[in-house]
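Everything below concerns the one structure shown next.
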Amino acid sequence: MNDLVRYALDGNVAVLTVDNPPVNALGIGVRTGLKEAIERAIADPEVDAIALVCAGRTFFAGADIAEFGKPPASPTLRELHDVMERCPKPIVAGIHGTALGGGLETALACHYRIAVPGAVLGLPEVKLGILPGAGGTQRLPRLVGVEKAIEMICTGEPIGARQAHQMGVVDAVTEGDLREATIDYADHVAAEDHPLPRVRDRDRLIAEAARRPEVFQAAREHYAKTRRGLMAPQHCISAIQAATEMDFEGGMRRERELFTELLNSDQSKAQRHFFFAERQARKIPDVPRDTTQREIATAAIIGAGTMGGGIAMNFANAGVPTVIVETSQEALDRGLGVIRSNYERTARKGRISDKDVEARMALLTPSLEFTDVSDADIIIEAVFENMDLKKEVFAKLDIIAKPGAILATNTSTLDVNAIAAATARPPSVIGLHFFSPANVMRLLEVVRGDKTAKDVIATCMDLAKRIGKVPVLAGVCHGFIGNRMLHAYFDQAYALLYEGCQPRDVDKAIHDFGLKMGPFAMADLAGLDVSWRIRKETGQTQPIADRLCELGRFGQKTEAGFYRYSQYSRTPQPDPEVAAIVEEEGLKLHDTRREIDAEEIVNRCMLALVNEGAKILEEGIALRASDIDVTYVHGYSFPVYRGGPMFWADMLGLDRVLETIKGFHAAGHGDVWQPAPLIERLAAEGSSFQDHDQAGG
Ligand SMILES: NC(=O)c1ccc[n+]([C@@H]2O[C@H](COP(=O)([O-])OP(=O)(O)OC[C@H]3O[C@@H](n4cnc5c(N)ncnc54)[C@H](O)[C@@H]3O)[C@@H](O)[C@H]2O)c1
């Protein structure tokens with residue numbers, strides 16, 4: 001064959017071993033080698049059956065990403081599957097590691113599948129904005145029925161081998177040596193009667209589903225809600241439905257059409273960009289992957305408030321023993337109580353067991369003594385946002401913490417360098433900016449101080465992954481990446497109120513654009529009092545919000561803010577009292593109020609993000625535009641199908657972006673609309689943020 005596919009005989013079984021490290025991607029070399037190997041086995045009179053296994057750590061983990069976007073080279077995956085399925089001698093796939101995407105589709109084209117207990121199988125294409133395009137949408141429902149196929153394909157979530165066995169995706173789970181077991185299985189089925197079982201011929205479950213088309217309508221509605229705005233899940237459902245309405249060949253054609261539509265869509269471009277952006281974000285040019293790390297076996301959190309409690313949960317979930325320090329027994333009890341009730345709620349939903357709740361609580365040690373953090377490998381401070389207090393805490397930690405411990409602050413706005421300077425060990429100090437609720441939100445801004453050591457950064461980037469977070473490296477500035485941009489966004493949202501909008505106009509436009517909620521619903525959720533207090537401390541004003549706060553309207557927690565809420569519902573209801581305040585304050589700034597359409601609302605808010613993002617990039621606060629995208633999708637519910645604000649700007653075209661920004665400046669919307677020099681330069685060059693990233697920033 002070729003050097004990617006080995007051919008060997010074991011008695012009457014031809015053993016095909018694919019060896020294409022690191023993950024046995026199904027590139028053209030593997031496809032060609034496999035096709036030739038199968039043809040050779042067919043031609044060999046000594047061979048009665050074929051065992052297909054992979055060397056290394058996994059079965060085929062998917063298509064070859066390097067071939068993405070290139071014209072398909074023959075044999076395509078579909079052509080290969082055709083050869084396999086029509087093979088007159090049984091082919092048995094032996095699965096270990098991860099059989100994902102094209103990998104699972106290849107297994108489905110075999111006559112039998114066996115797997116080791118640790119194997120994981122899935123069709124994650126939807127996460128790239130596409131669908132399984134090599135028969136996955138046609139074969140899987142034939143094996144497991146349409147409901148289960150819809151769930152697996154529309155969520156993209158993988159399943160374990162045992163579940164796959166129960167569902168009928170694999171024929172057996174083997175505890176023994178996989179290669180031996182696959183050969184034995186092949187040997188055994190070779191003796192059985194023909195015809196060979198081909199997934200394409202199994203029509204019972206498909207015929208059943210054809211009589212219940214309402215299943216598809218219900219699924220469409222479900223995914224329209226849970227995956228709002230995303231095309232791919234809807235196309236996946238259409239492809240699966242086609243399996244119930246056409247013969248196999250017809251269904252395959254329909255799958256191809258739908259696949260191609262998705263592949264060429266802006267959504268898929270955005271989702272593929274985002275897929276790479278997430279991986280790229282972990283790479284830091286001057287902190288190589290092999291940087292020696294500090295060991296993190298234990299943690300401590302200072303402060304058991306909103307953030308401290310959520311942060312502690314992340315560590316307990318990852319099995320890391322964690323001390324939580326507070327100033328009073330009452331605060332400690334309250335903090336631990338919230339953590340317990342969060343876990344109990346999760347247990348009631350069936351996502352963890354009662355035993356898990358106790359096991360996680362047992363990992364948390366409440367304490368009123370600072371000295372109890374002396375053994376912790378990492379200490380994360382989450383006390384009130386006050387510089388003097390933070391300095392005091394860090395000076396204490398400097399005395400108590402063991403040498404080599406990482407000292408992290410969860411500050412949202414304060415200068416990490418100044419906090420580090422309160423210790424005699426600034427290289428060990430770093431910002432770890434979690435987002436609220438800290439046990440849920442996936443983003444973690446890792447804030448690098450001027451003196452933060454490289455091994456501390458490397459350790460925190462990896463730790464983030466261990467505790468289920470997506471890290472983005474940020475430099476020190478007010479608000480880091482996310483909140484600094486959010487500031488610019490909120491300024492525009494408020495400006496729109498003064499000019500003519502009501503909160504619901506702005507929120508609706510932003511929600512329709514794809515964010516989970518608009519700025520004013522978000523402000524109500526977060527609470528208006530925090531920023532009011534800061535404004536009063538710093539001598540700033542925001543007349544509309546100030547007046548709401550003076551009326552005790554702090555948002556959802558007081559059942560009134562920019563909207564009214566009832567005791568039973570968090571659905572924002574427009575409130576005439578607010579409308580009157582908005583109008584009054586608006587007319588103090590402008591002679592008249594004007595109609596503002598959704599397009600202007602979206603452009604004002606989103607381009608404010610983009611312009612500020614470009615400045616952040618130029619200043620080196622973010623390493624890449626794609627890191628900003630990761631920040632916004634994971635931290636601020638920016639729709640993944642738009643790829644993040646910077647990618648969205650690229651799709652608009654930076655020349656258009658620049659023209660619109662200049663237009664806002666000319667219209668008198670303020671000096672914030674001075675275009676970022678980087679946008680001017682990239683637009684003049686006809687290039688994009690993506691080009692800028694690729695050129696190394
Ligand atoms: N709330 C958010 O959305 C959010 C998001 C990201 C970051 N942050 C940052 O996280 C930090 C904490 O914010 P929060 O919302 O959790 O505040 P919080 O008021 O809910 O909690 C602060 C806790 O710290 C405790 N505390 C105060 N001084 C202490 C000391 N010396 N030793 C031990 N405990 C002490 C308090 O008793 C309180 O329980 C702040 O720096 C804030 O800027 C907050």
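How things are named: the first chain in the structure tokens is A, the next is B, and so on; residues count from 1 in each chain; ligands count from 1 in the order shown.
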
Could you give me, as a VMD selection string, every polymer residue with an atom at most 8 Å away from an atom of ligand 1, counting only C-alpha atoms and all ligand atoms?
-> chain A and resid 302 to 309 325 to 328 331 to 332 335 368 370 381 to 386 389 to 390 392 to 393 409 to 414 433 to 438 526

Using DSSP on the backbone coordinates, identify all residues within range 186-425 of chain A classified as strand (DSSP E); present the result as a ChimeraX atom specification.
-> /A:299-302,322-325,364-367,378-381,406-409

Atoms kept (N, CA, C and O atoms) for selection, written as a tab-separated table (two decimals), in the first residue's frame:
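What landed in again-v8.tsv:
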```
chain	number	residue	atom	x	y	z
A	299	ALA	N	-5.33	24.81	46.08
A	299	ALA	CA	-5.64	26.21	45.80
A	299	ALA	C	-6.21	26.88	47.04
A	299	ALA	O	-6.65	26.20	47.99
A	300	ALA	N	-6.22	28.21	47.01
A	300	ALA	CA	-6.91	28.96	48.06
A	300	ALA	C	-7.58	30.16	47.40
A	300	ALA	O	-7.07	30.71	46.42
A	301	ILE	N	-8.75	30.52	47.94
A	301	ILE	CA	-9.47	31.68	47.41
A	301	ILE	C	-9.67	32.65	48.57
A	301	ILE	O	-10.08	32.23	49.66
A	302	ILE	N	-9.41	33.92	48.34
A	302	ILE	CA	-9.64	34.92	49.37
A	302	ILE	C	-10.93	35.65	49.02
A	302	ILE	O	-11.00	36.34	48.01
A	322	THR	N	-9.31	23.00	48.02
A	322	THR	CA	-9.27	24.46	48.01
A	322	THR	C	-9.70	25.04	49.36
A	322	THR	O	-10.75	24.68	49.88
A	323	VAL	N	-8.88	25.95	49.88
A	323	VAL	CA	-9.23	26.66	51.11
A	323	VAL	C	-9.93	27.96	50.72
A	323	VAL	O	-9.51	28.62	49.76
A	324	ILE	N	-11.00	28.31	51.44
A	324	ILE	CA	-11.66	29.60	51.18
A	324	ILE	C	-11.60	30.45	52.44
A	324	ILE	O	-12.07	30.02	53.50
A	325	VAL	N	-11.03	31.64	52.31
A	325	VAL	CA	-10.86	32.48	53.48
A	325	VAL	C	-11.81	33.68	53.43
A	325	VAL	O	-11.95	34.32	52.39
A	364	LEU	N	-13.67	21.57	49.72
A	364	LEU	CA	-13.59	22.99	50.08
A	364	LEU	C	-13.43	23.12	51.60
A	364	LEU	O	-14.24	22.60	52.36
A	365	THR	N	-12.39	23.83	52.01
A	365	THR	CA	-12.15	24.02	53.45
A	365	THR	C	-12.35	25.49	53.79
A	365	THR	O	-11.54	26.34	53.42
A	366	PRO	N	-13.46	25.80	54.49
A	366	PRO	CA	-13.68	27.19	54.88
A	366	PRO	C	-12.75	27.59	56.03
A	366	PRO	O	-12.44	26.74	56.87
A	367	SER	N	-12.34	28.85	56.03
A	367	SER	CA	-11.41	29.28	57.09
A	367	SER	C	-11.53	30.78	57.35
A	367	SER	O	-11.89	31.55	56.47
A	378	ILE	N	-1.68	27.84	44.47
A	378	ILE	CA	-2.17	29.08	43.84
A	378	ILE	C	-3.19	29.72	44.78
A	378	ILE	O	-4.00	29.01	45.39
A	379	ILE	N	-3.11	31.03	44.91
A	379	ILE	CA	-4.05	31.75	45.77
A	379	ILE	C	-4.72	32.81	44.88
A	379	ILE	O	-4.04	33.59	44.22
A	380	ILE	N	-6.05	32.78	44.85
A	380	ILE	CA	-6.76	33.76	44.02
A	380	ILE	C	-7.54	34.70	44.92
A	380	ILE	O	-8.37	34.26	45.73
A	381	GLU	N	-7.25	35.96	44.78
A	381	GLU	CA	-7.91	36.97	45.61
A	381	GLU	C	-9.17	37.45	44.91
A	381	GLU	O	-9.14	37.79	43.72
A	406	ILE	N	1.61	30.80	43.23
A	406	ILE	CA	1.12	31.84	42.31
A	406	ILE	C	0.10	32.69	43.05
A	406	ILE	O	-0.81	32.15	43.69
A	407	LEU	N	0.27	34.00	42.98
A	407	LEU	CA	-0.66	34.92	43.64
A	407	LEU	C	-1.47	35.62	42.56
A	407	LEU	O	-0.93	36.41	41.79
A	408	ALA	N	-2.76	35.33	42.51
A	408	ALA	CA	-3.59	35.87	41.43
A	408	ALA	C	-4.65	36.81	41.97
A	408	ALA	O	-5.15	36.62	43.08
A	409	THR	N	-4.98	37.81	41.18
A	409	THR	CA	-6.08	38.71	41.54
A	409	THR	C	-7.19	38.60	40.50
A	409	THR	O	-6.93	38.48	39.30
```

Point-to-point distance in Å for CA of Gly449 in chain A and CA of Pro471 in chain A | 15.7 Å

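From CA of Val320 in chain A back to CA of Ser341 in chain A, the distance works out to 19.7 Å.
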
Measuring atom to atom with only C-alpha atoms, identify which of A:Leu654, A:Ile95, A:Val672, A:Ala579 is nearest to Asp691 in chain A.
-> A:Leu654

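One distance worth recording is that between CA of Lys70 in chain A and CA of Glu36 in chain A, which is 23.1 Å.
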
Which residues in range 207-374 of chain A does DSSP call helix (DSSP H, G or I)? List them as a VMD selection string.
-> chain A and resid 207 to 210 214 to 226 231 to 245 248 to 263 266 to 280 306 to 317 329 to 348 354 to 362 370 to 373

Would you mind listing what lies within 9 Å of Ile400 in chain A as a PDB file with N, CA and C atoms, in the first residue's frame, with only C-alpha atoms counted and same-chain residues fewer than 6 positions away left out?
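result-v2.pdb written:
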```
ATOM      1  N   PHE A 370      -6.033  33.628  57.639  1.00  0.00           N
ATOM      2  CA  PHE A 370      -5.201  33.813  56.455  1.00  0.00           C
ATOM      3  C   PHE A 370      -4.065  32.795  56.392  1.00  0.00           C
ATOM      4  N   THR A 371      -3.557  32.424  57.576  1.00  0.00           N
ATOM      5  CA  THR A 371      -2.401  31.516  57.603  1.00  0.00           C
ATOM      6  C   THR A 371      -2.732  30.165  56.970  1.00  0.00           C
ATOM      7  N   ASP A 372      -4.024  29.836  56.843  1.00  0.00           N
ATOM      8  CA  ASP A 372      -4.398  28.548  56.257  1.00  0.00           C
ATOM      9  C   ASP A 372      -4.116  28.461  54.753  1.00  0.00           C
ATOM     10  N   VAL A 373      -3.704  29.562  54.157  1.00  0.00           N
ATOM     11  CA  VAL A 373      -3.407  29.502  52.713  1.00  0.00           C
ATOM     12  C   VAL A 373      -1.920  29.202  52.482  1.00  0.00           C
ATOM     13  N   SER A 374      -1.178  29.004  53.566  1.00  0.00           N
ATOM     14  CA  SER A 374       0.284  28.924  53.429  1.00  0.00           C
ATOM     15  C   SER A 374       0.757  27.750  52.575  1.00  0.00           C
ATOM     16  N   ASP A 375      -0.068  26.711  52.438  1.00  0.00           N
ATOM     17  CA  ASP A 375       0.359  25.549  51.654  1.00  0.00           C
ATOM     18  C   ASP A 375      -0.149  25.573  50.211  1.00  0.00           C
TER      19      ASP A 375
END
```

Within 12 Å of Gln694 in chain A, counting only C-alpha atoms, which residues qualify if same-chain residues fewer than 3 places away don't, as a ChimeraX atom specification?
-> /A:277,280,623-626,687-691,697

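When only C-alpha atoms are used to compute distances to Glu261 in chain A, the closest of the residues A:Met231, A:Arg139, A:Ala49, A:Phe274 turns out to be A:Met231.
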
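Counting only C-alpha atoms, Glu599 in chain A has the following residues at most 12 Å away, ignoring those fewer than 5 positions along the same chain: Asp505, Val506, Lys508, Ala509, Ile510, Asp512, Phe513, Arg604, Cys605, Met606, Leu607 and Thr660 of chain A.
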
Residue among A:Leu678, A:Leu397, A:Leu658, A:Ala119 lying closest to Lys615 in chain A, counting only C-alpha atoms | A:Leu678

For Thr98 in chain A, please output as a PDB file with C-alpha atoms, in the first residue's frame all residues within 8 Å (counting only C-alpha atoms; exclusion window: fewer than 2 positions along the same chain).
```
ATOM      1  CA  THR A  58      -6.807   6.977  18.284  1.00  0.00           C
ATOM      2  CA  PHE A  59      -9.053   5.668  15.519  1.00  0.00           C
ATOM      3  CA  PHE A  60      -9.611   8.274  12.766  1.00  0.00           C
ATOM      4  CA  ALA A  61     -10.256  11.493  14.703  1.00  0.00           C
ATOM      5  CA  ILE A  95     -12.288   1.654  17.492  1.00  0.00           C
ATOM      6  CA  HIS A  96     -10.178   3.231  20.221  1.00  0.00           C
ATOM      7  CA  LEU A 100     -15.115  11.743  15.309  1.00  0.00           C
ATOM      8  CA  ALA A 119     -13.547   5.030  23.040  1.00  0.00           C
ATOM      9  CA  VAL A 120     -15.525   8.179  22.260  1.00  0.00           C
ATOM     10  CA  LEU A 121     -17.698   8.542  19.149  1.00  0.00           C
ATOM     11  CA  GLY A 122     -19.312  11.630  17.720  1.00  0.00           C
TER      12      GLY A 122
END
```

Could you make a table, as JSON lines, of the residues of range 78-122 of chain A that have an atom within 12 Å of an atom of range 14-35 of chain A, each with its nearest atom pair and distance in Å to one decimal, counting only C-alpha atoms, in chain and number order?
```
{"residue": "A:Arg78", "atom": "CA", "partner": "A:Arg31", "partner_atom": "CA", "distance": 10.1}
{"residue": "A:Glu79", "atom": "CA", "partner": "A:Lys35", "partner_atom": "CA", "distance": 9.0}
{"residue": "A:Leu80", "atom": "CA", "partner": "A:Lys35", "partner_atom": "CA", "distance": 6.1}
{"residue": "A:His81", "atom": "CA", "partner": "A:Lys35", "partner_atom": "CA", "distance": 9.1}
{"residue": "A:Asp82", "atom": "CA", "partner": "A:Lys35", "partner_atom": "CA", "distance": 10.0}
{"residue": "A:Val83", "atom": "CA", "partner": "A:Lys35", "partner_atom": "CA", "distance": 7.2}
{"residue": "A:Met84", "atom": "CA", "partner": "A:Lys35", "partner_atom": "CA", "distance": 8.0}
{"residue": "A:Glu85", "atom": "CA", "partner": "A:Lys35", "partner_atom": "CA", "distance": 11.6}
{"residue": "A:Arg86", "atom": "CA", "partner": "A:Lys35", "partner_atom": "CA", "distance": 11.9}
{"residue": "A:Cys87", "atom": "CA", "partner": "A:Lys35", "partner_atom": "CA", "distance": 10.6}
{"residue": "A:Lys89", "atom": "CA", "partner": "A:Ala14", "partner_atom": "CA", "distance": 10.2}
{"residue": "A:Pro90", "atom": "CA", "partner": "A:Ala14", "partner_atom": "CA", "distance": 10.5}
{"residue": "A:Ile91", "atom": "CA", "partner": "A:Ala14", "partner_atom": "CA", "distance": 9.4}
{"residue": "A:Val92", "atom": "CA", "partner": "A:Val15", "partner_atom": "CA", "distance": 9.7}
{"residue": "A:Ala93", "atom": "CA", "partner": "A:Leu16", "partner_atom": "CA", "distance": 9.8}
{"residue": "A:Gly94", "atom": "CA", "partner": "A:Thr17", "partner_atom": "CA", "distance": 10.1}
{"residue": "A:Ile95", "atom": "CA", "partner": "A:Thr17", "partner_atom": "CA", "distance": 11.7}
{"residue": "A:His96", "atom": "CA", "partner": "A:Val23", "partner_atom": "CA", "distance": 11.2}
{"residue": "A:Gly97", "atom": "CA", "partner": "A:Val23", "partner_atom": "CA", "distance": 9.1}
{"residue": "A:Thr98", "atom": "CA", "partner": "A:Val23", "partner_atom": "CA", "distance": 8.7}
{"residue": "A:Ala99", "atom": "CA", "partner": "A:Val23", "partner_atom": "CA", "distance": 9.8}
{"residue": "A:Leu100", "atom": "CA", "partner": "A:Ala25", "partner_atom": "CA", "distance": 9.9}
{"residue": "A:Gly101", "atom": "CA", "partner": "A:Leu26", "partner_atom": "CA", "distance": 10.1}
{"residue": "A:Gly102", "atom": "CA", "partner": "A:Leu26", "partner_atom": "CA", "distance": 7.3}
{"residue": "A:Gly103", "atom": "CA", "partner": "A:Leu26", "partner_atom": "CA", "distance": 7.3}
{"residue": "A:Leu104", "atom": "CA", "partner": "A:Leu26", "partner_atom": "CA", "distance": 11.0}
{"residue": "A:Glu105", "atom": "CA", "partner": "A:Leu26", "partner_atom": "CA", "distance": 10.9}
{"residue": "A:Thr106", "atom": "CA", "partner": "A:Leu26", "partner_atom": "CA", "distance": 9.2}
{"residue": "A:Ala107", "atom": "CA", "partner": "A:Leu26", "partner_atom": "CA", "distance": 12.0}
```

Residues of range 526-577 of chain A within 12 Å of range 481-491 of chain A: nearest atom pair and distance (Å, one decimal) for each, counting only C-alpha atoms, sorted by chain and number, as JSON lines?
```
{"residue": "A:Ser531", "atom": "CA", "partner": "A:His487", "partner_atom": "CA", "distance": 11.2}
{"residue": "A:Thr541", "atom": "CA", "partner": "A:Asp491", "partner_atom": "CA", "distance": 11.9}
{"residue": "A:Gln542", "atom": "CA", "partner": "A:Asp491", "partner_atom": "CA", "distance": 9.5}
{"residue": "A:Ala545", "atom": "CA", "partner": "A:Phe490", "partner_atom": "CA", "distance": 11.7}
```

With 8 Å as the cut-off and only C-alpha atoms counted, what is the closest atom pair between each nearby residue of range 160-218 of chain A and range 233-246 of chain A? Distances in Å to one decimal, ordered by chain and number, as JSON lines.
```
{"residue": "A:Ile206", "atom": "CA", "partner": "A:Thr244", "partner_atom": "CA", "distance": 5.3}
{"residue": "A:Ala207", "atom": "CA", "partner": "A:Thr244", "partner_atom": "CA", "distance": 6.5}
{"residue": "A:Ala209", "atom": "CA", "partner": "A:Thr244", "partner_atom": "CA", "distance": 6.7}
{"residue": "A:Ala210", "atom": "CA", "partner": "A:Thr244", "partner_atom": "CA", "distance": 5.1}
{"residue": "A:Phe216", "atom": "CA", "partner": "A:Ile237", "partner_atom": "CA", "distance": 6.8}
```

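With only C-alpha atoms as the atoms that count, the minimum distance from Gly404 in chain A to the choices A:Glu330, A:Pro321, A:Gln293, A:Gly11 is reached by A:Gln293.
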